[in-house]
file my_file_12.tsv (TSV, C-alpha atoms and all ligand atoms)
chain	number	residue	atom	x	y	z
A	1289	MET	CA	170.71	87.54	107.17
A	1290	GLU	CA	172.66	84.49	106.00
A	1291	PHE	CA	174.28	83.79	109.37
A	1292	HIS	CA	170.98	83.37	111.17
A	1293	THR	CA	169.59	80.81	108.77
A	1294	PRO	CA	170.70	77.22	109.25
A	1295	ASN	CA	173.50	76.04	107.02
A	1296	PHE	CA	173.25	72.82	105.14
A	1297	ALA	CA	173.43	69.94	107.59
A	1298	GLY	CA	176.90	68.48	107.53
A	1299	ILE	CA	178.39	65.66	109.52
A	1300	THR	CA	182.04	65.01	110.13
A	1301	LEU	CA	182.22	61.33	109.29
A	1302	LEU	CA	185.29	59.13	109.68
A	1303	PRO	CA	187.43	59.16	106.50
A	1304	GLN	CA	186.28	55.70	105.34
A	1305	PHE	CA	182.65	56.86	105.30
A	1306	GLN	CA	183.10	60.33	103.84
A	1307	ASP	CA	182.48	59.38	100.21
A	1308	ILE	CA	179.25	57.42	100.62
A	1309	PRO	CA	176.82	59.01	98.16
A	1310	LEU	CA	173.34	59.86	99.29
A	1311	GLU	CA	170.35	60.89	97.21
A	1312	LEU	CA	167.19	61.87	99.04
A	1313	LYS	CA	163.84	61.31	97.41
A	1314	SER	CA	161.38	62.43	100.04
A	1315	ALA	CA	160.94	63.62	103.58
A	1316	ARG	CA	158.10	63.52	106.07
A	1317	ILE	CA	157.78	65.41	109.34
A	1318	PHE	CA	155.38	64.27	112.05
A	1319	LYS	CA	154.51	66.20	115.16
A	1320	TYR	CA	154.00	64.06	118.24
A	1321	SER	CA	152.18	64.95	121.48
A	1322	LEU	CA	152.93	62.63	124.38
A	1323	PRO	CA	151.27	63.10	127.77
A	1324	PHE	CA	153.46	62.99	130.88
A	1325	LYS	CA	152.36	60.57	133.63
A	1326	ASN	CA	152.74	63.43	136.12
A	1327	SER	CA	153.26	67.07	135.16
A	1328	LEU	CA	156.93	67.64	134.55
A	1329	VAL	CA	158.17	70.49	136.73
A	1330	LEU	CA	161.22	72.12	135.16
A	1331	LYS	CA	163.11	75.19	136.36
A	1332	HIS	CA	161.15	77.75	134.35
A	1333	THR	CA	158.03	75.86	133.34
A	1334	THR	CA	155.68	72.95	134.03
A	1335	LEU	CA	154.72	70.63	131.18
A	1336	THR	CA	151.80	68.22	130.92
A	1337	VAL	CA	152.50	67.20	127.34
A	1338	ARG	CA	155.76	66.80	125.43
A	1339	GLU	CA	155.64	67.91	121.81
A	1340	GLY	CA	158.29	67.31	119.22
A	1341	LEU	CA	159.01	66.43	115.60
A	1342	ILE	CA	159.93	63.12	114.01
A	1343	LEU	CA	161.69	63.34	110.66
A	1344	VAL	CA	161.62	60.43	108.22
A	1345	LEU	CA	163.96	60.60	105.22
A	1346	THR	CA	163.72	58.23	102.24
A	1347	ASP	CA	166.46	57.87	99.63
A	1348	VAL	CA	166.13	56.90	95.97
A	1349	ASN	CA	166.79	53.25	96.88
A	1350	GLY	CA	163.88	53.22	99.32
A	1351	LYS	CA	166.11	53.18	102.42
A	1352	THR	CA	164.88	55.28	105.32
A	1353	GLY	CA	166.37	57.14	108.25
A	1354	MET	CA	164.75	58.83	111.23
A	1355	GLY	CA	165.63	61.74	113.46
A	1356	GLU	CA	163.98	63.77	116.19
A	1357	ILE	CA	163.73	67.53	116.61
A	1358	SER	CA	162.19	68.44	119.95
A	1359	PRO	CA	163.05	71.78	121.57
A	1360	LEU	CA	162.48	71.59	125.32
A	1361	PRO	CA	160.57	74.62	126.64
A	1362	GLY	CA	162.67	76.55	129.14
A	1363	PHE	CA	165.90	74.95	127.92
A	1364	SER	CA	165.91	75.42	124.13
A	1365	ARG	CA	166.17	78.84	122.57
A	1366	GLU	CA	163.83	77.73	119.82
A	1367	THR	CA	160.12	76.99	119.69
A	1368	LEU	CA	158.63	74.03	117.87
A	1369	GLU	CA	157.46	76.40	115.13
A	1370	THR	CA	160.97	77.77	114.50
A	1371	ALA	CA	162.39	74.27	114.60
A	1372	LEU	CA	159.86	73.13	112.02
A	1373	LEU	CA	160.61	76.08	109.77
A	1374	ASN	CA	164.38	75.53	110.01
A	1375	THR	CA	163.96	71.82	109.34
A	1376	THR	CA	161.92	72.41	106.19
A	1377	MET	CA	164.50	74.97	105.03
A	1378	LEU	CA	167.25	72.38	105.35
A	1379	LEU	CA	165.14	69.71	103.66
A	1380	ASP	CA	164.22	71.97	100.75
A	1381	LYS	CA	167.92	72.23	99.92
A	1382	MET	CA	168.58	68.50	100.27
A	1383	VAL	CA	165.60	66.55	98.98
A	1384	GLY	CA	165.42	65.95	95.25
A	1385	SER	CA	168.60	67.91	94.60
A	1386	GLY	CA	170.71	65.00	93.36
A	1387	GLU	CA	173.56	63.11	94.88
A	1388	PHE	CA	175.64	64.46	97.76
A	1389	THR	CA	177.68	63.17	100.63
A	1390	ALA	CA	176.81	64.10	104.19
A	1391	HIS	CA	180.45	64.93	104.85
A	1392	TYR	CA	180.96	67.04	101.75
A	1393	TYR	CA	178.40	69.62	102.76
A	1394	SER	CA	179.93	70.23	106.16
A	1395	LYS	CA	183.11	71.34	104.39
A	1396	LYS	CA	181.48	73.11	101.52
A	1397	LYS	CA	178.78	75.06	103.26
A	1398	GLY	CA	180.30	75.60	106.66
A	1399	GLY	CA	179.41	74.01	109.97
A	1400	TRP	CA	177.86	75.46	113.09
A	1401	GLN	CA	180.98	77.49	113.97
A	1402	ASP	CA	180.11	79.85	111.15
A	1403	SER	CA	176.71	80.76	112.48
A	1404	VAL	CA	175.59	82.52	115.63
A	1405	ALA	CA	174.33	79.30	117.16
A	1406	PRO	CA	173.33	75.97	115.68
A	1407	ALA	CA	169.62	75.40	115.13
A	1408	ILE	CA	168.07	72.35	116.79
A	1409	ALA	CA	166.98	71.27	113.30
A	1410	HIS	CA	170.59	70.32	112.58
A	1411	PHE	CA	170.64	67.56	115.13
A	1412	GLY	CA	167.43	65.99	113.82
A	1413	VAL	CA	168.42	66.23	110.17
A	1414	GLU	CA	172.00	65.07	110.76
A	1415	THR	CA	170.98	62.09	112.86
A	1416	ALA	CA	168.27	61.16	110.34
A	1417	ILE	CA	171.00	61.12	107.68
A	1418	LEU	CA	173.24	59.06	109.99
A	1419	SER	CA	170.38	56.63	110.54
A	1420	LEU	CA	169.79	56.37	106.79
A	1421	LEU	CA	173.48	55.75	106.08
A	1422	SER	CA	173.61	53.24	108.89
A	1423	ASN	CA	170.52	51.40	107.60
A	1424	SER	CA	171.86	51.23	104.07
A	1425	LYS	CA	175.46	50.35	105.00
A	1426	ASN	CA	174.67	48.20	108.03
A	1427	VAL	CA	176.98	50.17	110.30
A	1428	GLY	CA	175.91	51.61	113.65
A	1429	GLY	CA	174.99	55.32	113.46
A	1430	GLY	CA	177.54	56.37	116.07
A	1431	GLU	CA	180.18	54.20	114.42
A	1432	LEU	CA	180.13	56.40	111.31
A	1433	ILE	CA	181.38	59.27	113.48
A	1434	PHE	CA	183.28	57.67	116.35
A	1435	GLY	CA	184.44	54.40	114.76
A	1436	LYS	CA	183.15	52.13	117.51
A	1437	SER	CA	179.93	51.15	119.19
A	1438	SER	CA	178.51	49.05	121.96
A	1439	ASP	CA	175.38	46.87	122.10
A	1440	ARG	CA	174.24	48.47	125.33
A	1441	VAL	CA	174.92	51.42	127.62
A	1442	PRO	CA	174.58	51.75	131.40
A	1443	ILE	CA	172.01	54.32	132.53
A	1444	ASN	CA	171.81	56.54	135.61
A	1445	GLY	CA	168.45	56.06	137.34
A	1446	LEU	CA	166.81	59.49	137.68
A	1447	ILE	CA	165.31	60.38	141.06
A	1448	ARG	CA	163.20	63.49	140.79
A	1449	GLY	CA	160.45	62.87	143.33
A	1450	SER	CA	159.95	64.57	146.66
A	1451	LEU	CA	162.43	64.06	149.49
A	1452	SER	CA	160.31	61.43	151.28
A	1453	ASP	CA	160.39	59.28	148.11
A	1454	TRP	CA	164.16	59.39	147.64
A	1455	VAL	CA	165.12	56.28	149.62
A	1456	PRO	CA	162.15	54.17	148.36
A	1457	GLU	CA	162.94	55.24	144.78
A	1458	ALA	CA	166.64	54.47	145.26
A	1459	GLU	CA	165.68	51.10	146.70
A	1460	ARG	CA	163.51	50.28	143.67
A	1461	MET	CA	166.21	51.40	141.22
A	1462	ILE	CA	168.97	49.44	142.90
A	1463	ARG	CA	166.69	46.40	142.91
A	1464	ASP	CA	166.10	47.04	139.19
A	1465	GLY	CA	169.85	46.88	138.57
A	1466	TYR	CA	170.95	50.51	138.34
A	1467	LYS	CA	174.55	51.06	139.47
A	1468	THR	CA	174.42	54.87	139.18
A	1469	LEU	CA	171.69	57.17	140.50
A	1470	LYS	CA	171.13	60.85	139.73
A	1471	ILE	CA	169.18	62.84	142.27
A	1472	LYS	CA	167.61	66.23	141.56
A	1473	VAL	CA	168.42	68.62	144.40
A	1474	GLY	CA	168.09	72.36	144.98
A	1475	ARG	CA	164.34	72.21	145.22
A	1476	ILE	CA	163.63	72.54	148.93
A	1477	ASN	CA	165.72	73.25	152.03
A	1478	SER	CA	169.31	72.31	151.25
A	1479	THR	CA	170.07	71.03	154.77
A	1480	LEU	CA	167.18	68.56	154.52
A	1481	GLU	CA	168.27	67.57	151.04
A	1482	ALA	CA	171.84	66.93	152.23
A	1483	ARG	CA	170.43	64.64	154.92
A	1484	GLY	CA	168.38	62.86	152.23
A	1485	ILE	CA	171.55	62.23	150.22
A	1486	GLN	CA	173.30	60.84	153.31
A	1487	ASP	CA	170.29	58.51	153.80
A	1488	ILE	CA	170.52	57.30	150.21
A	1489	ARG	CA	174.25	56.62	150.60
A	1490	LYS	CA	173.64	54.75	153.84
A	1491	PHE	CA	171.00	52.62	152.12
A	1492	ALA	CA	172.88	52.11	148.84
A	1493	GLY	CA	176.23	51.08	150.31
A	1494	PRO	CA	179.59	52.18	148.88
A	1495	GLU	CA	179.36	50.58	145.40
A	1496	ILE	CA	176.52	52.64	143.89
A	1497	LYS	CA	177.61	55.88	142.19
A	1498	LEU	CA	175.68	58.98	143.19
A	1499	ARG	CA	175.31	61.99	140.91
A	1500	LEU	CA	173.42	65.11	141.92
A	1501	ASP	CA	171.90	67.93	139.86
A	1502	ALA	CA	171.04	71.31	141.37
A	1503	ASN	CA	170.14	73.13	138.13
A	1504	ARG	CA	171.87	76.31	139.35
A	1505	SER	CA	169.71	76.69	142.43
A	1506	TRP	CA	172.19	78.00	144.98
A	1507	ASP	CA	174.39	80.90	145.89
A	1508	LEU	CA	178.00	80.02	146.74
A	1509	ALA	CA	177.51	79.88	150.54
A	1510	THR	CA	174.49	77.54	150.36
A	1511	ALA	CA	176.22	75.32	147.81
A	1512	ILE	CA	179.36	75.04	149.96
A	1513	GLU	CA	177.33	74.21	153.06
A	1514	PHE	CA	175.48	71.50	151.11
A	1515	GLY	CA	178.74	70.30	149.56
A	1516	LYS	CA	180.45	69.91	152.94
A	1517	ALA	CA	177.48	67.91	154.24
A	1518	VAL	CA	177.44	65.46	151.31
A	1519	GLU	CA	181.20	65.20	150.67
A	1520	PRO	CA	181.62	62.16	152.97
A	1521	SER	CA	178.86	60.44	150.95
A	1522	ASN	CA	181.28	60.18	148.01
A	1523	ILE	CA	179.46	62.09	145.27
A	1524	GLU	CA	180.67	61.35	141.73
A	1525	TYR	CA	179.73	64.91	140.75
A	1526	ILE	CA	177.07	67.54	141.14
A	1527	GLU	CA	175.70	69.24	138.02
A	1528	GLU	CA	175.49	73.01	138.11
A	1529	PRO	CA	175.26	73.75	141.85
A	1530	LEU	CA	175.68	77.51	141.39
A	1531	GLN	CA	173.65	80.39	140.05
A	1532	GLU	CA	177.02	81.88	139.00
A	1533	PRO	CA	179.16	79.17	137.37
A	1534	VAL	CA	182.33	81.34	137.52
A	1535	ASP	CA	182.47	80.49	141.24
A	1536	LEU	CA	182.56	76.71	140.63
A	1537	PRO	CA	186.30	76.30	141.37
A	1538	ARG	CA	185.77	78.11	144.69
A	1539	PHE	CA	182.93	75.71	145.47
A	1540	PHE	CA	185.24	72.76	144.79
A	1541	ASP	CA	188.11	74.26	146.82
A	1542	ALA	CA	185.81	74.77	149.78
A	1543	CYS	CA	184.03	71.39	149.90
A	1544	GLY	CA	185.86	68.95	147.60
A	1545	VAL	CA	182.76	67.83	145.70
A	1546	PRO	CA	183.48	67.60	141.95
A	1547	PHE	CA	181.05	69.34	139.64
A	1548	ALA	CA	179.73	69.03	136.08
A	1549	PHE	CA	178.67	71.51	133.43
A	1550	ASP	CA	175.22	71.20	131.92
A	1551	GLU	CA	173.39	74.53	131.46
A	1552	THR	CA	176.75	76.31	131.16
A	1553	LEU	CA	177.54	74.41	127.96
A	1554	HIS	CA	174.46	75.86	126.30
A	1555	GLN	CA	175.36	79.41	127.19
A	1556	ILE	CA	178.91	79.36	125.97
A	1557	MET	CA	178.87	79.00	122.22
A	1558	ASP	CA	182.63	79.41	121.94
A	1559	PRO	CA	183.84	76.14	120.37
A	1560	THR	CA	187.20	76.43	122.09
A	1561	ILE	CA	185.74	76.99	125.55
A	1562	SER	CA	188.56	76.50	128.00
A	1563	PHE	CA	188.01	74.06	130.83
A	1564	GLU	CA	191.51	74.54	132.24
A	1565	SER	CA	190.53	77.15	134.79
A	1566	TYR	CA	187.82	74.91	136.20
A	1567	THR	CA	189.55	72.80	138.86
A	1568	GLY	CA	187.10	70.20	140.13
A	1569	LEU	CA	185.33	69.75	136.80
A	1570	ARG	CA	184.51	66.04	136.62
A	1571	ALA	CA	182.00	65.74	133.75
A	1572	LEU	CA	180.34	67.44	130.80
A	1573	VAL	CA	176.66	66.57	130.68
A	1574	LEU	CA	176.03	66.51	126.96
A	1575	LYS	CA	172.46	66.91	125.75
A	1576	PRO	CA	172.73	66.55	121.97
A	1577	THR	CA	169.20	67.88	121.49
A	1578	LEU	CA	170.27	71.16	123.12
A	1579	ILE	CA	173.82	71.17	121.73
A	1580	ALA	CA	171.92	71.06	118.44
A	1581	CYS	CA	174.46	69.72	115.95
A	1582	THR	CA	176.81	66.78	115.70
A	1583	ALA	CA	179.91	68.90	114.97
A	1584	ARG	CA	179.60	70.71	118.29
A	1585	LEU	CA	178.84	67.44	120.09
A	1586	ILE	CA	182.00	65.85	118.65
A	1587	SER	CA	184.06	68.89	119.59
A	1588	LEU	CA	182.81	68.78	123.20
A	1589	VAL	CA	183.36	65.01	123.47
A	1590	ASN	CA	186.93	65.41	122.21
A	1591	GLN	CA	187.66	68.26	124.57
A	1592	ALA	CA	186.27	66.25	127.50
A	1593	ILE	CA	188.40	63.21	126.66
A	1594	GLU	CA	191.49	65.37	126.18
A	1595	LYS	CA	191.03	66.96	129.60
A	1596	GLY	CA	190.19	63.73	131.43
A	1597	VAL	CA	186.64	64.89	132.03
A	1598	LEU	CA	183.74	62.38	131.66
A	1599	PRO	CA	181.54	62.89	128.59
A	1600	VAL	CA	178.08	61.96	129.92
A	1601	LEU	CA	175.34	61.78	127.28
A	1602	SER	CA	171.99	62.95	128.57
A	1603	SER	CA	168.45	63.22	127.23
A	1604	SER	CA	165.97	66.09	127.22
A	1605	TYR	CA	162.70	64.12	127.37
A	1606	GLU	CA	162.84	63.04	123.74
A	1607	SER	CA	160.49	60.35	122.42
A	1608	ASP	CA	161.70	56.82	121.57
A	1609	VAL	CA	163.12	57.88	118.21
A	1610	GLY	CA	165.40	60.50	119.77
A	1611	LEU	CA	166.29	58.27	122.72
A	1612	THR	CA	167.38	55.49	120.36
A	1613	THR	CA	169.74	57.93	118.63
A	1614	LEU	CA	171.11	59.09	121.98
A	1615	ALA	CA	171.69	55.53	123.19
A	1616	GLN	CA	173.62	54.78	120.00
A	1617	LEU	CA	175.74	57.91	120.37
A	1618	ALA	CA	176.43	57.05	124.02
A	1619	GLY	CA	177.40	53.53	122.94
A	1620	SER	CA	179.93	54.97	120.53
A	1621	ILE	CA	181.26	57.67	122.84
A	1622	SER	CA	181.57	55.87	126.15
A	1623	GLY	CA	180.41	52.27	125.57
A	1624	GLU	CA	179.80	50.34	128.74
A	1625	ASN	CA	182.03	52.55	130.86
A	1626	ILE	CA	180.06	55.70	131.71
A	1627	ALA	CA	176.41	55.72	132.78
A	1628	ALA	CA	174.35	57.88	130.42
A	1629	GLY	CA	171.50	60.12	131.55
A	1630	LEU	CA	168.74	58.57	129.47
A	1631	ASP	CA	166.20	57.61	132.12
A	1632	THR	CA	163.48	59.98	130.88
A	1633	ARG	CA	161.20	57.67	128.86
A	1634	SER	CA	159.38	56.42	131.97
A	1635	ALA	CA	157.93	59.93	132.44
A	1636	PHE	CA	155.55	59.36	129.50
A	1637	THR	CA	152.41	57.28	129.19
A	1638	ALA	CA	153.07	56.54	125.50
A	1639	GLY	CA	155.78	56.79	122.86
A	1640	THR	CA	156.64	56.94	119.18
A	1641	THR	CA	157.69	53.31	118.67
A	1642	LYS	CA	155.70	50.10	119.06
A	1643	SER	CA	157.95	48.83	121.82
A	1644	PRO	CA	159.23	51.50	124.18
A	1645	THR	CA	162.94	52.25	124.59
A	1646	ALA	CA	163.33	50.15	127.69
A	1647	ILE	CA	165.94	49.99	130.42
A	1648	HIS	CA	166.62	46.46	131.68
A	1649	ASP	CA	168.81	45.80	134.66
A	1650	GLY	CA	170.15	49.38	134.41
A	1651	TRP	CA	171.12	49.01	130.72
A	1652	MET	CA	169.64	50.41	127.51
A	1653	SER	CA	170.03	48.61	124.21
A	1654	THR	CA	171.56	50.53	121.30
A	1655	ARG	CA	169.73	48.54	118.61
A	1656	SER	CA	168.58	50.45	115.54
A	1657	ILE	CA	164.96	51.07	114.72
A	1658	THR	CA	163.32	51.38	111.32
A	1659	THR	CA	160.10	52.96	110.09
A	1660	GLN	CA	158.46	49.54	110.70
A	1661	ASP	CA	158.93	50.15	114.41
A	1662	LEU	CA	157.18	53.54	114.42
A	1663	ASP	CA	153.91	53.99	116.29
A	1664	LEU	CA	152.30	57.07	114.81
A	1665	SER	CA	149.14	57.02	116.92
A	1666	HIS	CA	150.24	60.14	118.83
A	1667	CYS	CA	151.53	61.82	115.67
A	1668	GLU	CA	150.18	64.16	113.05
A	1669	LEU	CA	151.75	64.53	109.59
A	1670	LEU	CA	152.85	68.16	109.13
A	1671	TYR	CA	155.06	68.10	106.06
A	1672	GLN	CA	155.73	65.88	103.11
A	1673	SER	CA	158.00	66.44	100.13
A	1701	LIG	O1	169.08	69.25	134.20
A	1701	LIG	O2	170.00	67.46	133.57
A	1701	LIG	C1	169.05	68.23	133.54
A	1701	LIG	C2	166.38	66.63	131.35
A	1701	LIG	C3	165.85	67.75	130.76
A	1701	LIG	C4	166.31	68.99	131.10
A	1701	LIG	C5	167.34	69.12	132.02
A	1701	LIG	C6	167.88	68.00	132.62
A	1701	LIG	C7	167.39	66.73	132.30
A	1701	LIG	C8	167.89	65.49	132.87
A	1701	LIG	C9	167.99	64.29	131.98
A	1701	LIG	O3	168.16	65.40	134.05
A	1701	LIG	C10	168.29	63.00	132.67
A	1701	LIG	C11	169.72	62.79	133.08
A	1701	LIG	O4	170.62	63.57	132.71
A	1701	LIG	O5	169.96	61.79	133.77
A	1702	MG	MG	171.43	68.91	134.56
call {"tool": "encode", "arguments": {"input": "my_file_12.tsv", "output": "structure tokens", "more": "lines below"}}
Ligand code: OSB
Ligand code: MG
result
Amino acid sequence: MEFHTPNFAGITLLPQFQDIPLELKSARIFKYSLPFKNSLVLKHTTLTVREGLILVLTDVNGKTGMGEISPLPGFSRETLETALLNTTMLLDKMVGSGEFTAHYYSKKKGGWQDSVAPAIAHFGVETAILSLLSNSKNVGGGELIFGKSSDRVPINGLIRGSLSDWVPEAERMIRDGYKTLKIKVGRINSTLEARGIQDIRKFAGPEIKLRLDANRSWDLATAIEFGKAVEPSNIEYIEEPLQEPVDLPRFFDACGVPFAFDETLHQIMDPTISFESYTGLRALVLKPTLIACTARLISLVNQAIEKGVLPVLSSSYESDVGLTTLAQLAGSISGENIAAGLDTRSAFTAGTTKSPTAIHDGWMSTRSITTQDLDLSHCELLYQS
């Protein structure tokens, strides 16, 4: 059925960039396998290796652009196989089919709103096109969409170890220059975890921002009890405290800790999702890899800004190619003002670029990368056109 197949990738570019012609000559898709330093325990699965796809597009002038397509098991609806199939379907329509503009196709063929849900392939193909346009026009990738960019973005240090490591990890991160920390909670006893958060606050002093993420671990009563215990520790927000997100305003009323949507955004496909009824909503945690297309990302960013809610870009354990894209998007969306959730690269022993996407002093650079920077030693070529 038409609706279930991905539409032509289309990007809503700013008016001054909408007419840039593009003519693709070839495409290559690599599959990478990157080992995790320690097994990555996620809500529904444990991973020892991260697999994903790197797309390299080349135009008739020899300019290249790169994108990443890496469904995260347990979070993405799609498997790597489906993602690969959808990507090749998009590429078959685009490569060697003459001149087009990235913007034109979004209008002509319909964007994600027309389909049941966007395929993850869209994000990889669209950002590869953005990267190609940005390489050939010398404009930052995010700038083509949002009209501004920043050389660097602040990052929230991710604390996902066991409770006894929280304060030592916080200590190391603060020493390394992080001004915002994000702690994964909802894993063991919530009373002990609340005490751990109080300990971190005591150690960190009042200036460091603390974000928490419970990945929907609690019922309302447990969440409120936890919330009351950590409220004096001045929590910027907690992501997804509740199994049932409809109760989030009641959680906020009862304990005063602001919350953020993460998983909820991936369940509600309604583009006009209303945030009005959610008193206490402080942030949207935006994972472009899971949101799966730039049009939906832009729509969520705009809705967040309109409602005075923080748009917080966040990664899903992408490799360096994907992380570079995310850093650039964060630079264009929130610049130096909002810490982005991109501290996932350190979980791997290796990457897909010669120099890893590093965080220095709590900041990540938004510099572009080219095919010269690729390290394909953990990659296998799967497709070439
Ligand atoms: O729950 O926020 C999450 C990564 C993969 C899957 C889910 C999550 C995450 C992160 C990314 O926490 C890092 C961050 O947002 O700081
Ligand atoms: Mg989260």
call {"tool": "residues_near_ligand", "arguments": {"input": "my_file_12.tsv", "ligand": "ligand MG 1702 (chain A)", "cutoff": "12 Å", "atoms": "all atoms listed in the file", "output": "PyMOL selection string"}}
result
chain A and resi 1330-1331+1363+1446+1448+1470-1474+1499-1505+1525-1530+1547-1554+1571-1575+1578+1600-1604+1629-1630
call {"tool": "axis_aligned_box", "arguments": {"input": "my_file_12.tsv", "around": "ligand LIG 1701 (chain A)", "padding_each_side": "5 Å", "output": "AutoDock Vina command-line options"}}
result
--center_x 168.2 --center_y 65.5 --center_z 132.5 --size_x 14.8 --size_y 17.5 --size_z 13.4
call {"tool": "atom_distance", "arguments": {"input": "my_file_12.tsv", "atom1": "atom CA of Val1383 of chain A", "atom2": "atom CA of Ala1315 of chain A"}}
result
7.2 Å
call {"tool": "residues_near_point", "arguments": {"input": "my_file_12.tsv", "point": "(158.0, 63.5, 108.8)", "cutoff": "7 Å", "atoms": "all atoms listed in the file", "output": "PyMOL selection string"}}
result
chain A and resi 1315-1318+1342-1344+1669-1672
call {"tool": "closest_residue", "arguments": {"input": "my_file_12.tsv", "among": "A:Glu1624, A:Ile1308, A:Lys1319, A:Gly1619", "to": "Ser1665 of chain A", "atoms": "all atoms listed in the file"}}
result
A:Lys1319
call {"tool": "closest_residue", "arguments": {"input": "my_file_12.tsv", "among": "A:Gly1465, A:Pro1520, A:Gly1639, A:Gly1435", "to": "Thr1300 of chain A", "atoms": "all atoms listed in the file"}}
result
A:Gly1435
call {"tool": "closest_residue", "arguments": {"input": "my_file_12.tsv", "among": "A:Ala1482, A:Leu1662, A:Leu1335, A:Ile1488", "to": "ligand LIG 1701 (chain A)", "atoms": "all atoms listed in the file"}}
result
A:Leu1335
call {"tool": "atom_distance", "arguments": {"input": "my_file_12.tsv", "atom1": "atom CA of Gly1493 of chain A", "atom2": "atom CA of Ile1523 of chain A"}}
result
12.5 Å
call {"tool": "closest_residue", "arguments": {"input": "my_file_12.tsv", "among": "A:Leu1341, A:Leu1588, A:Glu1524, A:Arg1475", "to": "Leu1569 of chain A", "atoms": "all atoms listed in the file"}}
result
A:Glu1524
call {"tool": "closest_residue", "arguments": {"input": "my_file_12.tsv", "among": "A:Thr1654, A:Thr1370, A:Ser1358, A:Ser1422", "to": "ligand LIG 1701 (chain A)", "atoms": "only C-alpha atoms and all ligand atoms"}}
result
A:Ser1358
call {"tool": "closest_residue", "arguments": {"input": "my_file_12.tsv", "among": "A:Met1377, A:Ala1618, A:Ala1407, A:Met1652", "to": "Arg1365 of chain A", "atoms": "all atoms listed in the file"}}
result
A:Ala1407
call {"tool": "decode", "arguments": {"input": "my_file_12.tsv", "residues": "segment 1307-1321 of chain A", "atoms": "N, CA and C atoms", "output": "compact mmCIF listing (two decimals), in the first residue's frame"}}
result
# COMPACT_ATOMS: atom_id res chain seq x y z
N ASP A 1307 15.71 26.68 -3.93
CA ASP A 1307 15.89 26.43 -5.37
C ASP A 1307 17.24 25.85 -5.74
N ILE A 1308 18.05 25.51 -4.75
CA ILE A 1308 19.37 24.94 -5.08
C ILE A 1308 19.16 23.60 -5.79
N PRO A 1309 19.67 23.48 -7.03
CA PRO A 1309 19.49 22.21 -7.72
C PRO A 1309 20.47 21.16 -7.22
N LEU A 1310 20.05 19.94 -7.33
CA LEU A 1310 20.84 18.82 -6.82
C LEU A 1310 20.70 17.70 -7.83
N GLU A 1311 21.84 17.07 -8.17
CA GLU A 1311 21.75 15.94 -9.09
C GLU A 1311 22.66 14.83 -8.57
N LEU A 1312 22.04 13.75 -8.12
CA LEU A 1312 22.82 12.69 -7.48
C LEU A 1312 23.33 11.69 -8.51
N LYS A 1313 24.60 11.35 -8.35
CA LYS A 1313 25.22 10.42 -9.28
C LYS A 1313 25.29 9.01 -8.70
N SER A 1314 25.64 8.93 -7.42
CA SER A 1314 25.77 7.60 -6.83
C SER A 1314 25.54 7.63 -5.32
N ALA A 1315 25.29 6.45 -4.80
CA ALA A 1315 25.09 6.32 -3.36
C ALA A 1315 25.76 5.05 -2.88
N ARG A 1316 26.30 5.11 -1.67
CA ARG A 1316 26.85 3.91 -1.04
C ARG A 1316 26.26 3.80 0.36
N ILE A 1317 25.99 2.57 0.77
CA ILE A 1317 25.53 2.34 2.14
C ILE A 1317 26.49 1.36 2.81
N PHE A 1318 27.01 1.76 3.96
CA PHE A 1318 27.87 0.89 4.76
C PHE A 1318 27.12 0.48 6.01
N LYS A 1319 27.36 -0.73 6.44
CA LYS A 1319 26.84 -1.15 7.74
C LYS A 1319 28.00 -1.15 8.72
N TYR A 1320 27.83 -0.46 9.86
CA TYR A 1320 28.89 -0.50 10.87
C TYR A 1320 28.49 -1.39 12.03
N SER A 1321 29.47 -1.96 12.71
CA SER A 1321 29.26 -2.70 13.96
C SER A 1321 30.28 -2.18 14.95
